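Working notes, structure below.
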Amino acid sequence: MGSFCSTPRPSKTVEPEIAPPQRTTPHVLFVLGGPASGKGTVCQRLISEYPIVSHVSAGDLLREEVRLRPDSDLSRVIQDCMTNGKLVTSETIIPLLLQRIKAEPVDRVILIDGFPRNLTQANEFESAAGLVPDAVIFLSTDEKTMLARLLGRAQDGSGRADDNEETAKKRFAVFYEESVPVVESYRARTATDQRTKLVELDAGAEKEDVYRAVLKGLKDAKILSS
């Protein structure tokens with residue numbers, strides 16, 4: 001009988017695994033909500049429990065600028081905006097924010113509190129920074145609750161110099177007109193763009209419940225681990 005020669009099968013090509021791209025910037029989270037919705041409280045709690053978390057308050061950056069350079073033209077613009085409940089321009093706040101972000105290591109999680117205040121700021125930040133936020137935390141609550149909190153902290157001395165009813169109502173009006181559309185935009189975007197997670201919750205609940213809801217949202221988004 002003649003010998004039978006089988007045709008060797010081609011070896012299976014093993015595709016090399018492609019490592020995910022390394023981060024070049026920290027995780028950036030926007031923390032949004034109306035005046036006295038609890039943004040600062042949530043941020044401080046996260047900082048105290050997670051060493052990798054940093055908190056950058058847009059309002060604090062502006063107030064620090066006024067404190068350090070009270071007679072500058074920029075400080076006068078900031079003071080006028082704060083007194084009248086108006087928004088500062090992107091040209092004013094974005095460079096201050098980017099300076100803080102670039103100073104942080106890439107393994108950090110940065111909570112940016114009180115920014116962006118409108119869609120223009122959101123778009124201009126993403127363009128200037130070359131990134132989209134990893135998550136947007138929205139603390140939703142009603143105007144009655146926010147006003148009661150503002151007036152309460154004005155009475156006990158824990159609030160801001162402009163925590164009064166007249167200025168508060170101006171701030172509420174700006175928030176509904178300018179900032180709520182930012183949340184609506186990110187809510188619509190998350191349906192198709194998974195780069196940004198929206199963590200939305202009722203900030204009128206008990207503080208512990210609010211914090212636990214925020215924590216769950218960030219863990220579900222794999223930004224924080226247990």
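All residue names refer to the structure tokens as shown: chains lettered A, B, ... in order, residues numbered from 1 in each chain, ligands numbered from 1 in order.
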Residues of range 112-205 of chain A in strand (DSSP E or B) according to DSSP, as a PyMOL selection string? chain A and resi 112-113+135-140+197-202
Skip range 83-94 of chain A itself and residues of its chain fewer than 3 positions away, then list as an MDAnalysis selection string all residues within 6 Å of it, counting only C-alpha atoms. chainID A and resid 80 97 121 170:171
Write out the residues from the selection above, keeping N, CA, C and O atoms, as an mmCIF file, in the first residue's frame.
```
data_model
loop_
_atom_site.group_PDB
_atom_site.id
_atom_site.type_symbol
_atom_site.label_atom_id
_atom_site.label_comp_id
_atom_site.auth_asym_id
_atom_site.auth_seq_id
_atom_site.Cartn_x
_atom_site.Cartn_y
_atom_site.Cartn_z
ATOM 1 N N ASP A 80 -18.263 90.939 41.772
ATOM 2 C CA ASP A 80 -19.530 91.415 41.203
ATOM 3 C C ASP A 80 -20.451 90.237 40.885
ATOM 4 O O ASP A 80 -21.661 90.291 41.162
ATOM 5 N N LEU A 97 -9.235 75.757 37.085
ATOM 6 C CA LEU A 97 -9.530 74.336 37.264
ATOM 7 C C LEU A 97 -8.454 73.456 36.629
ATOM 8 O O LEU A 97 -7.994 72.477 37.241
ATOM 9 N N GLN A 121 -19.841 76.265 29.418
ATOM 10 C CA GLN A 121 -18.708 75.901 30.258
ATOM 11 C C GLN A 121 -18.360 74.419 30.108
ATOM 12 O O GLN A 121 -17.181 74.055 30.059
ATOM 13 N N LYS A 170 -31.938 84.692 43.357
ATOM 14 C CA LYS A 170 -31.218 84.947 42.102
ATOM 15 C C LYS A 170 -30.412 83.712 41.711
ATOM 16 O O LYS A 170 -30.366 83.329 40.539
ATOM 17 N N ARG A 171 -29.767 83.094 42.694
ATOM 18 C CA ARG A 171 -28.953 81.907 42.420
ATOM 19 C C ARG A 171 -29.817 80.741 41.951
ATOM 20 O O ARG A 171 -29.431 79.976 41.076
#
```
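Our summary of the geometry notes that CA of Leu198 in chain A is positioned 25.9 Å from CA of Leu150 in chain A.
Shortest separation to Val214 in chain A among A:Gln79, A:Ser140, A:Thr24, A:Gln99 occurs at residue A:Ser140, atoms counted being only C-alpha atoms.
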Those of range 124-220 of chain A in DSSP alpha helix (DSSP H), formatted as a ChimeraX atom specification: /A:124-129,143-155,165-174,180-189,207-220
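Each of A:Val174, A:Leu139, A:Leu151, A:Ile110 was compared to Ala205 in chain A using only C-alpha atoms, and A:Leu139 turns out to be the nearest.
If you count only C-alpha atoms and ignore residues fewer than 2 places along the chain from range 184-197 of chain A, what sits within 7 Å of it is A:Val132, A:Pro133, A:Asp134, A:Ala135, A:Val136, A:Val180, A:Pro181, A:Val182, A:Val199, A:Ala221.
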Considering only C-alpha atoms, return as a count of residues only whatever protein or nucleic-acid residues lie within 9 Å of Leu224 in chain A, sequence-local ones (same chain, fewer than 3 positions apart) excluded. 7
Using only C-alpha atoms, tabulate the residues of range 56-116 of chain A lying at most 9 Å from any atom of range 28-49 of chain A, each with its closest atom pair and that distance in Å to one decimal, by chain and increasing residue number, as a tab-separated table.
```
residue	atom	partner	partner_atom	distance
A:Ser57	CA	A:Gly40	CA	8.1
A:Ile101	CA	A:Val28	CA	8.3
A:Arg108	CA	A:Val28	CA	8.7
A:Val109	CA	A:Val28	CA	6.1
A:Ile110	CA	A:Val28	CA	5.0
A:Leu111	CA	A:Leu29	CA	4.9
A:Ile112	CA	A:Phe30	CA	4.9
A:Asp113	CA	A:Val31	CA	4.7
A:Gly114	CA	A:Leu32	CA	5.5
A:Phe115	CA	A:Phe30	CA	6.4
A:Pro116	CA	A:Phe30	CA	7.4
```
May I have the residues from that selection written out with N, CA and C atoms, as an mmCIF file, in the first residue's frame?
```cif
data_model
loop_
_atom_site.group_PDB
_atom_site.id
_atom_site.type_symbol
_atom_site.label_atom_id
_atom_site.label_comp_id
_atom_site.auth_asym_id
_atom_site.auth_seq_id
_atom_site.Cartn_x
_atom_site.Cartn_y
_atom_site.Cartn_z
ATOM 1 N N SER A 57 -13.338 72.810 44.647
ATOM 2 C CA SER A 57 -14.557 73.620 44.601
ATOM 3 C C SER A 57 -14.324 74.824 43.702
ATOM 4 N N ILE A 101 -6.128 70.408 38.183
ATOM 5 C CA ILE A 101 -6.188 69.037 37.666
ATOM 6 C C ILE A 101 -4.795 68.550 37.267
ATOM 7 N N ARG A 108 -5.483 59.619 40.813
ATOM 8 C CA ARG A 108 -6.412 60.289 41.721
ATOM 9 C C ARG A 108 -7.807 60.382 41.116
ATOM 10 N N VAL A 109 -8.787 60.622 41.979
ATOM 11 C CA VAL A 109 -10.165 60.919 41.581
ATOM 12 C C VAL A 109 -10.454 62.346 42.044
ATOM 13 N N ILE A 110 -10.748 63.227 41.103
ATOM 14 C CA ILE A 110 -10.962 64.637 41.435
ATOM 15 C C ILE A 110 -12.440 64.974 41.343
ATOM 16 N N LEU A 111 -12.990 65.440 42.442
ATOM 17 C CA LEU A 111 -14.379 65.900 42.473
ATOM 18 C C LEU A 111 -14.395 67.398 42.212
ATOM 19 N N ILE A 112 -14.973 67.815 41.097
ATOM 20 C CA ILE A 112 -15.087 69.237 40.784
ATOM 21 C C ILE A 112 -16.500 69.677 41.164
ATOM 22 N N ASP A 113 -16.561 70.454 42.208
ATOM 23 C CA ASP A 113 -17.825 70.829 42.848
ATOM 24 C C ASP A 113 -18.306 72.176 42.306
ATOM 25 N N GLY A 114 -19.548 72.189 41.791
ATOM 26 C CA GLY A 114 -20.128 73.453 41.349
ATOM 27 C C GLY A 114 -19.712 73.897 39.963
ATOM 28 N N PHE A 115 -19.290 72.960 39.139
ATOM 29 C CA PHE A 115 -18.884 73.268 37.763
ATOM 30 C C PHE A 115 -19.133 72.023 36.924
ATOM 31 N N PRO A 116 -19.571 72.202 35.659
ATOM 32 C CA PRO A 116 -19.875 73.440 34.933
ATOM 33 C C PRO A 116 -21.249 73.984 35.313
#
```
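Nearest residue to Val53 in chain A, choosing from A:Met82, A:Val106, A:Ala129, A:Val77 and counting only C-alpha atoms: A:Val106.
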Nearest residue to Glu165 in chain A out of A:Asn118, A:Gly152, A:Leu98, A:Glu208, using only C-alpha atoms? A:Gly152
